[in-house]
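Visitor: Data file start-v7.txt (compact mmCIF, C-alpha atoms) is appended below.
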# COMPACT_ATOMS: atom_id res chain seq x y z
CA MET H 1 -138.18 -2.46 38.41
CA GLU H 2 -139.72 -5.07 36.09
CA ILE H 3 -140.91 -4.19 32.61
CA ALA H 4 -142.32 -6.33 29.78
CA TYR H 5 -139.96 -7.14 26.91
CA PHE H 6 -140.60 -8.64 23.49
CA PRO H 7 -137.32 -9.93 21.98
CA GLY H 8 -138.73 -11.30 18.69
CA CYS H 9 -137.63 -14.30 16.65
CA THR H 10 -134.24 -13.10 15.43
CA LEU H 11 -132.97 -11.83 18.77
CA ARG H 12 -133.03 -15.23 20.46
CA THR H 13 -130.92 -16.73 17.66
CA LYS H 14 -128.99 -14.80 14.98
CA ALA H 15 -128.96 -11.53 16.92
CA ILE H 16 -128.21 -13.01 20.34
CA GLY H 17 -125.59 -10.30 21.01
CA PHE H 18 -128.30 -7.69 20.50
CA ASP H 19 -130.67 -9.44 22.92
CA ASN H 20 -128.07 -10.04 25.64
CA SER H 21 -126.70 -6.52 25.48
CA VAL H 22 -130.18 -4.98 25.75
CA ARG H 23 -131.08 -7.10 28.79
CA ASP H 24 -127.75 -6.52 30.54
CA THR H 25 -127.55 -2.79 29.90
CA ALA H 26 -131.13 -2.33 31.15
CA LYS H 27 -130.10 -4.14 34.32
CA VAL H 28 -127.26 -1.65 34.88
CA PHE H 29 -129.91 1.09 34.96
CA GLY H 30 -132.08 -0.86 37.40
CA TYR H 31 -134.63 -2.43 35.04
CA ASP H 32 -135.42 -6.11 34.70
CA LEU H 33 -136.72 -6.96 31.23
CA VAL H 34 -139.31 -9.72 31.61
CA GLU H 35 -140.18 -11.68 28.48
CA VAL H 36 -143.79 -11.46 27.32
CA PRO H 37 -145.38 -14.84 28.15
CA ASP H 38 -146.06 -17.24 25.28
CA TRP H 39 -144.68 -14.89 22.62
CA THR H 40 -144.43 -15.75 18.93
CA CYS H 41 -143.03 -14.14 15.79
CA CYS H 42 -144.82 -10.83 15.11
CA GLY H 43 -144.93 -11.47 11.37
CA ALA H 44 -141.62 -9.69 10.64
CA THR H 45 -143.14 -7.18 8.24
CA PHE H 46 -146.32 -5.15 8.60
CA ASN H 47 -148.87 -6.28 6.04
CA LEU H 48 -149.73 -3.32 3.84
CA SER H 49 -152.98 -4.71 2.41
CA VAL H 50 -155.70 -2.99 4.43
CA ASP H 51 -158.14 -5.85 3.82
CA ASN H 52 -155.79 -8.41 5.41
CA VAL H 53 -156.98 -8.70 9.02
CA MET H 54 -155.35 -12.08 9.61
CA ALA H 55 -151.84 -10.61 9.59
CA LEU H 56 -152.78 -8.45 12.59
CA ALA H 57 -153.51 -11.50 14.76
CA PRO H 58 -149.90 -12.36 15.81
CA PRO H 59 -148.90 -8.81 16.87
CA ILE H 60 -152.20 -8.22 18.70
CA ARG H 61 -151.86 -11.57 20.47
CA ILE H 62 -148.37 -10.53 21.60
CA LEU H 63 -149.74 -7.22 22.92
CA ALA H 64 -152.62 -9.00 24.69
CA ASN H 65 -150.04 -11.22 26.40
CA ALA H 66 -147.87 -8.22 27.25
CA ARG H 67 -150.92 -6.67 28.93
CA LYS H 68 -150.68 -9.38 31.60
CA LEU H 69 -147.42 -7.76 32.74
CA GLY H 70 -148.44 -4.12 32.54
CA ASN H 71 -149.40 -1.42 30.08
CA GLU H 72 -146.11 -1.07 28.26
CA VAL H 73 -143.77 -3.35 26.35
CA ILE H 74 -140.19 -2.72 25.29
CA THR H 75 -138.91 -4.04 22.00
CA VAL H 76 -135.66 -3.33 20.21
CA CYS H 77 -135.69 -4.93 16.75
CA SER H 78 -136.83 -2.23 14.32
CA GLY H 79 -138.98 -4.77 12.46
CA CYS H 80 -140.85 -5.89 15.58
CA TYR H 81 -141.23 -2.30 16.71
CA ASN H 82 -142.75 -1.32 13.36
CA VAL H 83 -145.14 -4.28 13.28
CA LEU H 84 -146.32 -4.01 16.90
CA LYS H 85 -146.72 -0.26 16.76
CA ARG H 86 -148.60 -0.23 13.47
CA ALA H 87 -150.84 -3.13 14.48
CA ASN H 88 -151.64 -1.30 17.71
CA TYR H 89 -152.35 1.91 15.80
CA THR H 90 -154.65 0.02 13.43
CA VAL H 91 -156.81 -1.59 16.11
CA ARG H 92 -156.95 1.60 18.17
CA ASN H 93 -158.54 3.30 15.19
CA ASP H 94 -160.69 0.45 13.91
CA SER H 95 -162.93 -1.19 16.50
CA GLU H 96 -164.36 -3.62 13.93
CA LYS H 97 -160.93 -5.06 13.14
CA LEU H 98 -160.09 -5.19 16.85
CA ALA H 99 -163.27 -7.18 17.60
CA LYS H 100 -162.57 -9.58 14.74
CA ILE H 101 -159.04 -10.29 15.98
CA THR H 102 -159.85 -10.61 19.68
CA ASP H 103 -162.67 -13.02 18.75
CA PHE H 104 -160.26 -15.04 16.65
CA ILE H 105 -157.40 -15.21 19.17
CA GLU H 106 -159.92 -15.61 22.03
CA MET H 107 -158.21 -12.99 24.15
CA GLU H 108 -159.18 -9.59 25.43
CA TYR H 109 -157.33 -6.49 24.31
CA ASP H 110 -158.39 -2.88 23.98
CA GLY H 111 -155.28 -1.20 22.59
CA ASP H 112 -153.97 0.08 25.93
CA VAL H 113 -150.40 -1.27 25.76
CA GLU H 114 -147.72 1.24 24.76
CA VAL H 115 -145.00 -0.13 22.47
CA ILE H 116 -141.67 1.43 23.42
CA HIS H 117 -138.40 1.11 21.54
CA TYR H 118 -135.32 0.62 23.72
CA LEU H 119 -133.83 3.83 22.25
CA GLU H 120 -136.95 5.68 23.37
CA PHE H 121 -136.62 4.04 26.78
CA LEU H 122 -132.98 5.16 27.09
CA ARG H 123 -133.94 8.70 26.09
CA ASP H 124 -137.12 9.18 28.12
CA ARG H 125 -136.90 6.80 31.08
CA VAL H 126 -133.21 6.25 31.76
CA GLY H 127 -132.07 9.65 30.51
CA TYR H 128 -128.81 10.67 28.87
CA GLU H 129 -127.37 12.02 32.12
CA THR H 130 -127.75 8.61 33.82
CA ILE H 131 -126.06 6.93 30.85
CA LYS H 132 -123.17 9.39 31.09
CA THR H 133 -122.67 8.85 34.84
CA ASN H 134 -122.48 5.05 34.36
CA ILE H 135 -119.79 5.07 31.66
CA LYS H 136 -116.83 2.83 32.57
CA ARG H 137 -114.93 2.70 29.28
CA ASN H 138 -113.97 5.64 27.12
CA LEU H 139 -115.30 5.27 23.55
CA GLU H 140 -114.11 8.70 22.47
CA GLY H 141 -112.41 8.50 19.11
CA LEU H 142 -114.53 5.57 17.99
CA LYS H 143 -116.09 7.12 14.90
CA VAL H 144 -119.60 5.74 14.56
CA VAL H 145 -122.30 6.49 12.03
CA PRO H 146 -125.84 6.05 13.31
CA TYR H 147 -127.95 4.13 10.80
CA TYR H 148 -131.72 4.17 11.31
CA GLY H 149 -133.06 2.49 8.18
CA CYS H 150 -136.81 2.52 7.50
CA GLN H 151 -138.76 0.43 9.98
CA LEU H 152 -137.72 2.46 13.00
CA LEU H 153 -139.01 5.70 11.50
CA ARG H 154 -141.76 5.31 8.95
CA PRO H 155 -144.62 5.92 8.50
CA TYR H 156 -144.38 8.88 10.86
CA ASP H 157 -148.10 9.17 11.65
CA GLU H 158 -148.08 5.70 13.15
CA ILE H 159 -144.55 5.47 14.59
CA GLN H 160 -143.87 9.02 15.86
CA LEU H 161 -140.47 8.10 17.30
CA ASP H 162 -138.46 10.76 15.52
CA ASP H 163 -138.30 12.77 12.30
CA PRO H 164 -138.86 10.27 9.44
CA GLU H 165 -136.03 11.71 7.35
CA ALA H 166 -133.71 13.58 9.70
CA PRO H 167 -133.76 11.59 12.95
CA THR H 168 -131.43 12.26 15.89
CA ILE H 169 -132.36 9.81 18.67
CA LEU H 170 -129.64 7.26 17.86
CA ASP H 171 -127.10 10.07 17.41
CA GLU H 172 -127.98 11.28 20.91
CA VAL H 173 -127.77 7.86 22.53
CA LEU H 174 -124.38 7.15 20.90
CA ASP H 175 -123.19 10.58 21.97
CA ALA H 176 -124.33 9.95 25.56
CA MET H 177 -122.30 6.72 25.66
CA GLY H 178 -119.21 8.66 24.62
CA CYS H 179 -118.79 7.66 20.96
CA THR H 180 -117.61 10.16 18.38
CA VAL H 181 -120.80 10.40 16.34
CA VAL H 182 -120.26 11.00 12.63
CA ASP H 183 -123.11 12.61 10.73
CA PHE H 184 -123.83 11.25 7.25
CA PRO H 185 -126.56 11.75 4.66
CA HIS H 186 -127.81 8.15 4.41
CA LYS H 187 -129.07 7.64 7.96
CA ALA H 188 -132.62 6.87 6.89
CA GLU H 189 -131.96 5.38 3.46
CA CYS H 190 -133.22 1.84 2.80
CA CYS H 191 -130.72 -1.06 2.79
CA GLY H 192 -132.98 -3.19 0.57
CA ASN H 193 -135.02 -4.72 3.40
CA PHE H 194 -136.41 -8.22 2.61
CA LEU H 195 -134.95 -8.18 -0.92
CA SER H 196 -131.98 -10.07 0.52
CA VAL H 197 -134.07 -13.23 0.19
CA CYS H 198 -133.73 -12.78 -3.58
CA THR H 199 -129.94 -12.52 -3.26
CA ASP H 200 -129.72 -15.80 -1.40
CA LEU H 201 -131.68 -17.90 -3.89
CA THR H 202 -130.19 -20.58 -6.13
CA PRO H 203 -129.26 -19.35 -9.65
CA GLU H 204 -132.61 -20.63 -10.99
CA GLY H 205 -134.47 -18.84 -8.21
CA ARG H 206 -132.57 -15.64 -8.91
CA GLN H 207 -133.49 -15.87 -12.54
CA ALA H 208 -137.16 -16.27 -11.61
CA VAL H 209 -137.24 -13.11 -9.46
CA GLY H 210 -134.95 -11.22 -11.81
CA GLU H 211 -131.28 -10.24 -11.43
CA GLU H 212 -132.32 -6.65 -10.61
CA ALA H 213 -134.06 -7.73 -7.42
CA ALA H 214 -131.26 -10.18 -6.62
CA THR H 215 -128.52 -7.53 -6.74
CA ALA H 216 -130.55 -4.66 -5.25
CA VAL H 217 -129.37 -5.16 -1.66
CA SER H 218 -125.66 -4.98 -2.42
CA GLU H 219 -126.16 -1.77 -4.43
CA CYS H 220 -128.26 -0.14 -1.70
CA SER H 221 -125.76 -1.24 0.93
CA PHE H 222 -122.84 0.08 -1.11
CA THR H 223 -124.47 3.52 -1.35
CA ILE H 224 -124.86 3.63 2.43
CA LEU H 225 -121.44 2.22 3.33
CA ASP H 226 -119.65 4.40 0.78
CA ALA H 227 -121.28 7.48 2.30
CA ALA H 228 -120.28 6.28 5.79
CA ALA H 229 -116.66 5.74 4.69
CA ARG H 230 -116.51 9.17 3.04
CA ALA H 231 -117.77 10.72 6.26
CA GLY H 232 -114.79 9.09 8.00
CA ALA H 233 -116.58 6.42 10.03
CA ASP H 234 -114.95 3.32 11.60
CA LEU H 235 -118.20 1.42 12.06
CA VAL H 236 -121.96 1.54 11.71
CA ALA H 237 -124.35 1.27 14.67
CA LEU H 238 -127.98 0.26 14.12
CA SER H 239 -131.01 -1.41 15.67
CA CYS H 240 -132.29 -3.90 13.09
CA PRO H 241 -131.03 -7.48 12.51
CA LEU H 242 -132.08 -7.37 8.86
CA CYS H 243 -130.26 -4.07 8.25
CA LEU H 244 -127.21 -5.61 9.92
CA TYR H 245 -127.39 -8.68 7.71
CA ASN H 246 -127.84 -6.64 4.54
CA LEU H 247 -125.06 -4.14 5.24
CA ASP H 248 -122.71 -6.78 6.63
CA VAL H 249 -123.00 -9.76 4.27
CA ALA H 250 -123.34 -7.61 1.14
CA GLN H 251 -119.76 -6.39 1.66
CA ASP H 252 -118.46 -9.66 0.22
CA GLN H 253 -120.16 -8.86 -3.09
CA ILE H 254 -119.46 -5.11 -2.94
CA GLU H 255 -115.73 -5.75 -2.58
CA LYS H 256 -115.74 -7.70 -5.84
CA ILE H 257 -117.59 -4.99 -7.78
CA HIS H 258 -116.38 -1.68 -6.35
CA PHE H 259 -112.63 -1.21 -6.52
CA GLY H 260 -111.06 0.29 -3.41
CA PHE H 261 -114.03 -0.46 -1.18
CA ARG H 262 -113.02 -0.60 2.47
CA LYS H 263 -114.89 -3.09 4.66
CA MET H 264 -116.61 -1.69 7.71
CA PRO H 265 -117.97 -3.58 10.74
CA ILE H 266 -121.66 -3.24 11.56
CA VAL H 267 -122.82 -3.53 15.19
CA TYR H 268 -125.94 -3.03 17.28
CA PHE H 269 -125.98 0.20 19.29
CA SER H 270 -126.62 -1.77 22.49
CA GLN H 271 -123.43 -3.78 21.98
CA LEU H 272 -121.51 -0.50 22.09
CA LEU H 273 -123.52 0.56 25.13
CA ALA H 274 -122.53 -2.69 26.90
CA ILE H 275 -118.86 -1.96 26.16
CA ALA H 276 -119.20 1.63 27.37
CA LEU H 277 -120.87 0.47 30.61
CA GLY H 278 -117.88 -1.79 31.32
CA LEU H 279 -119.68 -5.12 30.83
CA ASP H 280 -117.85 -8.29 29.76
CA THR H 281 -117.35 -7.81 26.00
CA ASP H 282 -117.10 -11.57 25.35
CA LYS H 283 -120.79 -11.97 26.14
CA TYR H 284 -122.19 -10.03 23.19
CA ALA H 285 -121.28 -12.03 20.09
CA LEU H 286 -118.95 -9.35 18.73
CA ASP H 287 -117.07 -11.94 16.70
CA SER H 288 -116.62 -13.42 13.23
CA GLU H 289 -119.19 -16.10 13.96
CA HIS H 290 -122.01 -13.57 14.17
CA HIS H 291 -120.63 -10.89 11.86
CA PHE H 292 -119.30 -11.24 8.33
CA VAL H 293 -116.98 -8.25 8.85
CA ASP H 294 -115.34 -9.06 12.18
CA PRO H 295 -115.85 -6.20 14.67
CA SER H 296 -113.53 -7.69 17.34
CA ALA H 297 -110.46 -5.60 16.40
CA VAL H 298 -112.44 -2.37 16.76
CA VAL H 299 -113.93 -3.64 20.01
CA ARG H 300 -110.49 -4.57 21.40
CA SER H 301 -109.18 -1.13 20.52
CA VAL H 302 -111.66 0.50 22.90
CA ALA H 303 -112.41 -2.27 25.39
CA LYS H 304 -109.15 -1.94 27.36
CA GLU H 305 -109.93 -1.55 31.01
CA MET F 1 -136.44 3.40 -20.66
CA SER F 2 -138.24 3.03 -23.97
CA PRO F 3 -141.47 4.88 -24.69
CA VAL F 4 -144.60 2.81 -24.17
CA ARG F 5 -147.57 2.98 -26.51
CA VAL F 6 -150.87 2.33 -24.73
CA ARG F 7 -154.53 2.55 -25.62
CA ILE F 8 -156.67 4.50 -23.15
CA SER F 9 -160.40 3.99 -22.86
CA ARG F 10 -163.24 4.93 -20.54
CA ASP F 11 -163.87 1.25 -19.83
CA LYS F 12 -160.32 0.74 -18.64
CA VAL F 13 -160.27 3.87 -16.48
CA ARG F 14 -163.51 2.75 -14.82
CA SER F 15 -162.50 -0.90 -14.64
CA ASP F 16 -162.59 -3.19 -11.62
CA PHE F 17 -158.80 -3.14 -11.60
CA VAL F 18 -158.60 0.47 -10.35
CA ARG F 19 -161.28 -0.28 -7.75
CA LEU F 20 -159.44 -3.40 -6.61
CA VAL F 21 -156.11 -1.57 -6.19
CA ASN F 22 -157.87 1.16 -4.20
CA GLU F 23 -159.67 -1.40 -2.07
CA ILE F 24 -156.63 -3.51 -1.18
CA SER F 25 -154.34 -0.50 -0.64
CA GLY F 26 -156.87 1.73 1.11
CA GLN F 27 -155.62 4.54 -1.15
CA ASN F 28 -157.22 6.57 -3.90
CA VAL F 29 -154.69 6.44 -6.74
CA LEU F 30 -156.42 9.40 -8.40
CA ASN F 31 -155.08 11.61 -5.61
CA CYS F 32 -151.65 11.40 -7.23
CA TYR F 33 -150.91 14.44 -9.45
CA GLN F 34 -147.70 12.99 -10.89
CA CYS F 35 -145.17 15.38 -9.35
CA GLY F 36 -142.56 12.61 -9.23
CA ARG F 37 -141.17 13.20 -5.73
CA CYS F 38 -141.61 9.49 -4.97
CA SER F 39 -139.49 8.51 -7.95
CA ALA F 40 -136.88 11.16 -7.18
CA GLY F 41 -136.39 9.83 -3.65
CA CYS F 42 -136.83 6.10 -4.22
CA PRO F 43 -133.55 4.30 -3.37
CA LEU F 44 -134.36 1.36 -5.65
CA THR F 45 -135.20 2.96 -9.00
CA PHE F 46 -131.88 1.70 -10.42
CA ALA F 47 -133.34 -1.82 -10.37
CA MET F 48 -136.84 -0.94 -11.61
CA ASP F 49 -138.24 -1.26 -15.16
CA ILE F 50 -140.29 1.91 -14.75
CA LEU F 51 -140.49 4.53 -11.98
CA PRO F 52 -142.94 4.25 -9.07
CA SER F 53 -144.83 7.36 -10.25
CA GLN F 54 -145.19 5.78 -13.69
CA VAL F 55 -146.72 2.69 -12.14
CA ILE F 56 -149.28 4.90 -10.37
CA ARG F 57 -150.06 6.57 -13.70
CA LEU F 58 -150.69 3.20 -15.33
CA VAL F 59 -153.01 2.25 -12.47
CA GLN F 60 -154.85 5.57 -12.73
CA LEU F 61 -155.54 4.83 -16.38
CA GLY F 62 -156.70 1.31 -15.60
CA LEU F 63 -153.90 -0.24 -17.63
CA GLU F 64 -153.86 -3.51 -15.72
CA GLU F 65 -151.62 -5.56 -17.95
CA GLU F 66 -149.00 -2.80 -18.22
CA ALA F 67 -149.01 -2.07 -14.46
CA LEU F 68 -148.77 -5.72 -13.48
CA GLY F 69 -146.19 -6.48 -16.16
CA THR F 70 -143.35 -4.42 -14.67
CA ASN F 71 -140.85 -5.54 -12.04
CA THR F 72 -141.33 -2.29 -10.08
CA PRO F 73 -143.71 -3.67 -7.39
CA TRP F 74 -141.31 -6.61 -6.88
CA VAL F 75 -138.31 -4.35 -6.38
CA CYS F 76 -140.12 -1.96 -4.00
CA ALA F 77 -138.71 -2.67 -0.52
CA SER F 78 -141.58 -0.96 1.38
CA CYS F 79 -139.18 1.59 2.91
CA MET F 80 -141.90 4.24 2.75
CA THR F 81 -139.58 7.09 1.76
CA CYS F 82 -142.07 7.88 -1.05
CA PHE F 83 -144.96 8.10 1.39
CA ALA F 84 -142.95 10.32 3.73
CA ARG F 85 -142.42 12.75 0.84
CA CYS F 86 -145.71 12.53 -1.07
CA PRO F 87 -147.45 15.95 -1.01
CA ARG F 88 -150.77 14.22 -1.74
CA GLY F 89 -150.52 11.66 1.04
CA VAL F 90 -150.61 8.66 -1.28
CA ASP F 91 -149.06 5.61 0.38
CA LEU F 92 -147.24 4.13 -2.61
CA ALA F 93 -145.88 1.23 -0.61
CA LYS F 94 -149.49 0.13 -0.09
CA VAL F 95 -150.25 0.50 -3.80
CA MET F 96 -147.22 -1.66 -4.63
CA GLU F 97 -148.37 -4.22 -2.06
CA ALA F 98 -151.81 -4.25 -3.70
CA LEU F 99 -150.23 -4.98 -7.09
CA ARG F 100 -148.22 -7.83 -5.57
CA ALA F 101 -151.37 -9.12 -3.87
CA ILE F 102 -153.37 -9.10 -7.11
CA LYS F 103 -150.71 -11.33 -8.68
CA LEU F 104 -150.21 -13.60 -5.66
CA ARG F 105 -153.70 -14.08 -4.25
CA PRO F 106 -155.16 -16.31 -6.96
CA GLY F 107 -152.57 -18.88 -5.82
CA ASP F 108 -149.86 -20.83 -7.61
CA ALA F 109 -148.02 -17.61 -8.40
CA ASP F 110 -145.33 -17.64 -5.71
CA ARG F 111 -142.23 -15.73 -6.83
CA ILE F 112 -139.89 -17.69 -4.57
CA ARG F 113 -139.98 -21.14 -3.04
CA LEU F 114 -138.30 -22.39 0.10
CA ASN F 115 -136.56 -25.22 -1.76
CA GLN F 116 -134.80 -22.61 -3.92
CA PHE F 117 -132.63 -21.61 -0.98
CA PRO F 118 -129.26 -23.34 -0.61
CA ARG F 119 -128.90 -24.87 2.85
CA GLU F 120 -126.12 -22.46 3.86
CA ALA F 121 -128.27 -19.48 2.85
CA LEU F 122 -131.08 -20.68 5.10
CA ALA F 123 -128.61 -21.05 7.94
CA ARG F 124 -127.31 -17.53 7.39
CA LEU F 125 -130.47 -15.52 6.72
CA PRO F 126 -132.00 -13.91 9.80
CA GLN F 127 -135.54 -15.17 10.49
CA GLN F 128 -136.79 -11.62 10.16
CA GLY F 129 -135.56 -11.49 6.55
CA LEU F 130 -136.77 -14.94 5.61
CA VAL F 131 -140.24 -14.47 7.07
CA SER F 132 -140.78 -11.00 5.63
CA GLY F 133 -139.37 -12.05 2.25
CA LEU F 134 -141.68 -15.04 2.05
CA ARG F 135 -144.64 -12.88 3.07
CA LYS F 136 -143.89 -10.42 0.29
CA PHE F 137 -143.18 -12.92 -2.47
CA THR F 138 -145.66 -15.72 -1.82
CA GLY F 139 -149.45 -15.83 -1.71
Written as structure tokens, that's how I'd like the structure from this file.
Guide:
Amino acid sequence: MEIAYFPGCTLRTKAIGFDNSVRDTAKVFGYDLVEVPDWTCCGATFNLSVDNVMALAPPIRILANARKLGNEVITVCSGCYNVLKRANYTVRNDSEKLAKITDFIEMEYDGDVEVIHYLEFLRDRVGYETIKTNIKRNLEGLKVVPYYGCQLLRPYDEIQLDDPEAPTILDEVLDAMGCTVVDFPHKAECCGNFLSVCTDLTPEGRQAVGEEAATAVSECSFTILDAAARAGADLVALSCPLCLYNLDVAQDQIEKIHFGFRKMPIVYFSQLLAIALGLDTDKYALDSEHHFVDPSAVVRSVAKE
Amino acid sequence: MSPVRVRISRDKVRSDFVRLVNEISGQNVLNCYQCGRCSAGCPLTFAMDILPSQVIRLVQLGLEEEALGTNTPWVCASCMTCFARCPRGVDLAKVMEALRAIKLRPGDADRIRLNQFPREALARLPQQGLVSGLRKFTG
């Protein structure tokens, strides 16, 4: 069965392992993910100024294009999901804004496309029982903490995927694929989001934004990773390329500041799903080229046939 | 955090500044009754000059210079934990965005510039981070 799919800017490049594993695992369950025609970047972050209508144009244009394929679209990056879902919510409840945007993009759209996260799709459409019956590799003993971050969950009124503070959907999906799911208290705690742009500036740039903003991501990431290590986890599974970047790359800095810190690989949940379903592990960028903390040793430990 | 001495006046409380923040954010800052749950749950207070709830208080009182002079709106990562917990339904992330917008919109006030990124950083940063960062820090 064919279903519309919006990969988003990061998935076709930096997060290629995320993209490939989502497409291939969907295929195992009998679904062909078809790219939304003529798609662009969604804007990466939902604009929080209510008087800014312009920022709604890219996500609504994407949804209007998705409408050509049907009345639902699957997306998997938490950022894209947040932007598309909130933009959709906004125009569904504000006909004036909707008219302004459709006039501007010269396309018709009336808010009738449902934005579905791949986790939601696995839960509601594929079903945990189907996942379990397709498992080819045993991931038992692989201690994984599910990390949700912010964009997947909040604000609840507009997203309504799961509880905004005590979510379970990723726990359930990881459990269905046979991982040993480790509960920890920082599942929905922020990793610092876009503040990583401040970290990566030149020294002069860092000074201009302030050292506090520049070091915020590594501190937030340390709090989360420390909690994960204390809970006994081997790795972190998540669904957001920016969360992955923040938690992964920050470990270089964290190691220098926090004595005794143990590095932990960060992976996308769908990469683990691809392993569990017996797919070719070399295809999903689980290597040092795409991850600062190399996950390949952990992958090899479970990916024996 | 050192105590701050401010002068409160009816003119400031009824100033255009409060109206502008409310208009851009779509919130009514006067709904906040200063319980502090936002500040208690905020994961980034360690990097902030003053707490998120204190910023709201400054806005309520129309203290434009004081509210815009802190780094708090620039450290807010829009994670919306505060909004999820606010018993008064105030979306603080939107208020912080409004404060950033007031600084950025007049133009020539960008906090970061693309040429401040080393080449290897640009190669490493995911597009999602670069685009959202630039949208938050530039006008």
Visitor: For a cut-off of 7 Å around (-161.9, 5.5, -7.5), file coordinates, pick out all residues using all atoms listed in the file and list them as a list in words.
Guide: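 Every polymer residue passing the test: Val18, Arg19, Asn22, Asn28 and Leu30 of chain F.
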Visitor: Just to be explicit: take each residue in the selection above, keep C-alpha atoms, and write the result as a short mmCIF file (atom, residue, chain, number, x, y, z; two decimals), keeping the file's coordinate frame.
Guide:
data_model
loop_
_atom_site.label_atom_id
_atom_site.label_comp_id
_atom_site.auth_asym_id
_atom_site.auth_seq_id
_atom_site.Cartn_x
_atom_site.Cartn_y
_atom_site.Cartn_z
CA VAL F 18 -158.60 0.47 -10.35
CA ARG F 19 -161.28 -0.28 -7.75
CA ASN F 22 -157.87 1.16 -4.20
CA ASN F 28 -157.22 6.57 -3.90
CA LEU F 30 -156.42 9.40 -8.40
#
Visitor: Write out as a ChimeraX atom specification which residues come within 12 Å of Tyr89 in chain H when counting all atoms listed in the file, dropping same-chain ones fewer than 2 positions away.
Guide: /H:46,56,59-60,63,81-87,91-95,97-98,110-115,155-160
Visitor: Could you tell me which residues of chain F sit within 6 Å of chain H when counting all atoms listed in the file, and give me the result as a PyMOL selection string?
Guide: chain F and resi 24-26+47+75+77+79+94+116-117+121+127-129+132-133
Visitor: Please save C-alpha atoms of the selected residues as a tab-separated table (two decimals), in the frame of the given file.
Guide:
chain	number	residue	atom	x	y	z
F	24	ILE	CA	-156.63	-3.51	-1.18
F	25	SER	CA	-154.34	-0.50	-0.64
F	26	GLY	CA	-156.87	1.73	1.11
F	47	ALA	CA	-133.34	-1.82	-10.37
F	75	VAL	CA	-138.31	-4.35	-6.38
F	77	ALA	CA	-138.71	-2.67	-0.52
F	79	CYS	CA	-139.18	1.59	2.91
F	94	LYS	CA	-149.49	0.13	-0.09
F	116	GLN	CA	-134.80	-22.61	-3.92
F	117	PHE	CA	-132.63	-21.61	-0.98
F	121	ALA	CA	-128.27	-19.48	2.85
F	127	GLN	CA	-135.54	-15.17	10.49
F	128	GLN	CA	-136.79	-11.62	10.16
F	129	GLY	CA	-135.56	-11.49	6.55
F	132	SER	CA	-140.78	-11.00	5.63
F	133	GLY	CA	-139.37	-12.05	2.25
Visitor: Please compute the CA of Leu247 in chain H-CA of Ser221 in chain H distance, one decimal, in Å.
Guide: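 CA of Ser221 in chain H lies at a distance of 5.2 Å from CA of Leu247 in chain H.
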Visitor: Near range 64-70 of chain H, within 9 Å and counting only C-alpha atoms, which residues show up once chain neighbours fewer than 3 positions away are dropped, as a list in words?
Guide: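 Final neighbour list, sorted by chain and number: Glu2, Ile3, Ala4, Tyr5, Phe6, Val34, Glu35, Val36, Pro37, Asp38, Trp39, Pro59, Ile60, Arg61, Val73, Thr102, Met107, Glu108, Tyr109, Asp110, Gly111, Asp112 and Val113 of chain H.
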Visitor: Hey, can you check how far CA of His117 in chain H sits from CA of Thr133 in chain H?
Guide: 22.0 Å
Visitor: To one decimal in Å, tell me the separation between CA of Met54 in chain H and CA of Ile105 in chain H.
Guide: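 Those two atoms sit 10.3 Å apart.
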Visitor: Between F:Ala67, F:Leu125, F:Leu61, F:Cys35, single out the one closest to Val95 in chain F, counting all atoms listed in the file.
Guide: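 Closest candidate: F:Ala67.
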Visitor: Can you tell me, as a list in words, what residues are no more than 9 Å from Leu63 in chain F when counting all atoms listed in the file, ignoring any on the same chain fewer than 6 positions away?
Guide: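 The neighbour list is Val6, Arg7, Ile8, Lys12, Val13, Phe17, Val18 and Arg57 of chain F.
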Visitor: Can you tell me which residues surround Leu170 in chain H at a distance of at most 9 Å, considering all atoms listed in the file, apart from same-chain residues fewer than 3 positions away, and format the answer as a PDB file with C-alpha atoms, in the frame of the given file?
Guide:
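See part35.pdb below for the written result:
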ATOM      1  CA  LEU H 119    -133.830   3.830  22.250  1.00  0.00           C
ATOM      2  CA  PRO H 146    -125.840   6.050  13.310  1.00  0.00           C
ATOM      3  CA  TYR H 147    -127.950   4.130  10.800  1.00  0.00           C
ATOM      4  CA  TYR H 148    -131.720   4.170  11.310  1.00  0.00           C
ATOM      5  CA  PRO H 167    -133.760  11.590  12.950  1.00  0.00           C
ATOM      6  CA  VAL H 173    -127.770   7.860  22.530  1.00  0.00           C
ATOM      7  CA  LEU H 174    -124.380   7.150  20.900  1.00  0.00           C
ATOM      8  CA  ASP H 175    -123.190  10.580  21.970  1.00  0.00           C
ATOM      9  CA  ALA H 237    -124.350   1.270  14.670  1.00  0.00           C
ATOM     10  CA  LEU H 238    -127.980   0.260  14.120  1.00  0.00           C
ATOM     11  CA  PHE H 269    -125.980   0.200  19.290  1.00  0.00           C
TER      12      PHE H 269
END
Visitor: At a cut-off of 12 Å, using all atoms listed in the file, what residues contact Leu68 in chain F? Leave out same-chain residues fewer than 5 positions from it and give the result as a list in words.
Guide: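 My list of contacting residues is Phe17, Val21, Asp49, Ile50, Val55, Ile56, Leu58, Val59, Gly62, Leu63, Pro73, Trp74, Val95, Met96, Glu97, Ala98, Leu99, Arg100, Ala101, Ile102, Lys103 and Leu104 of chain F.
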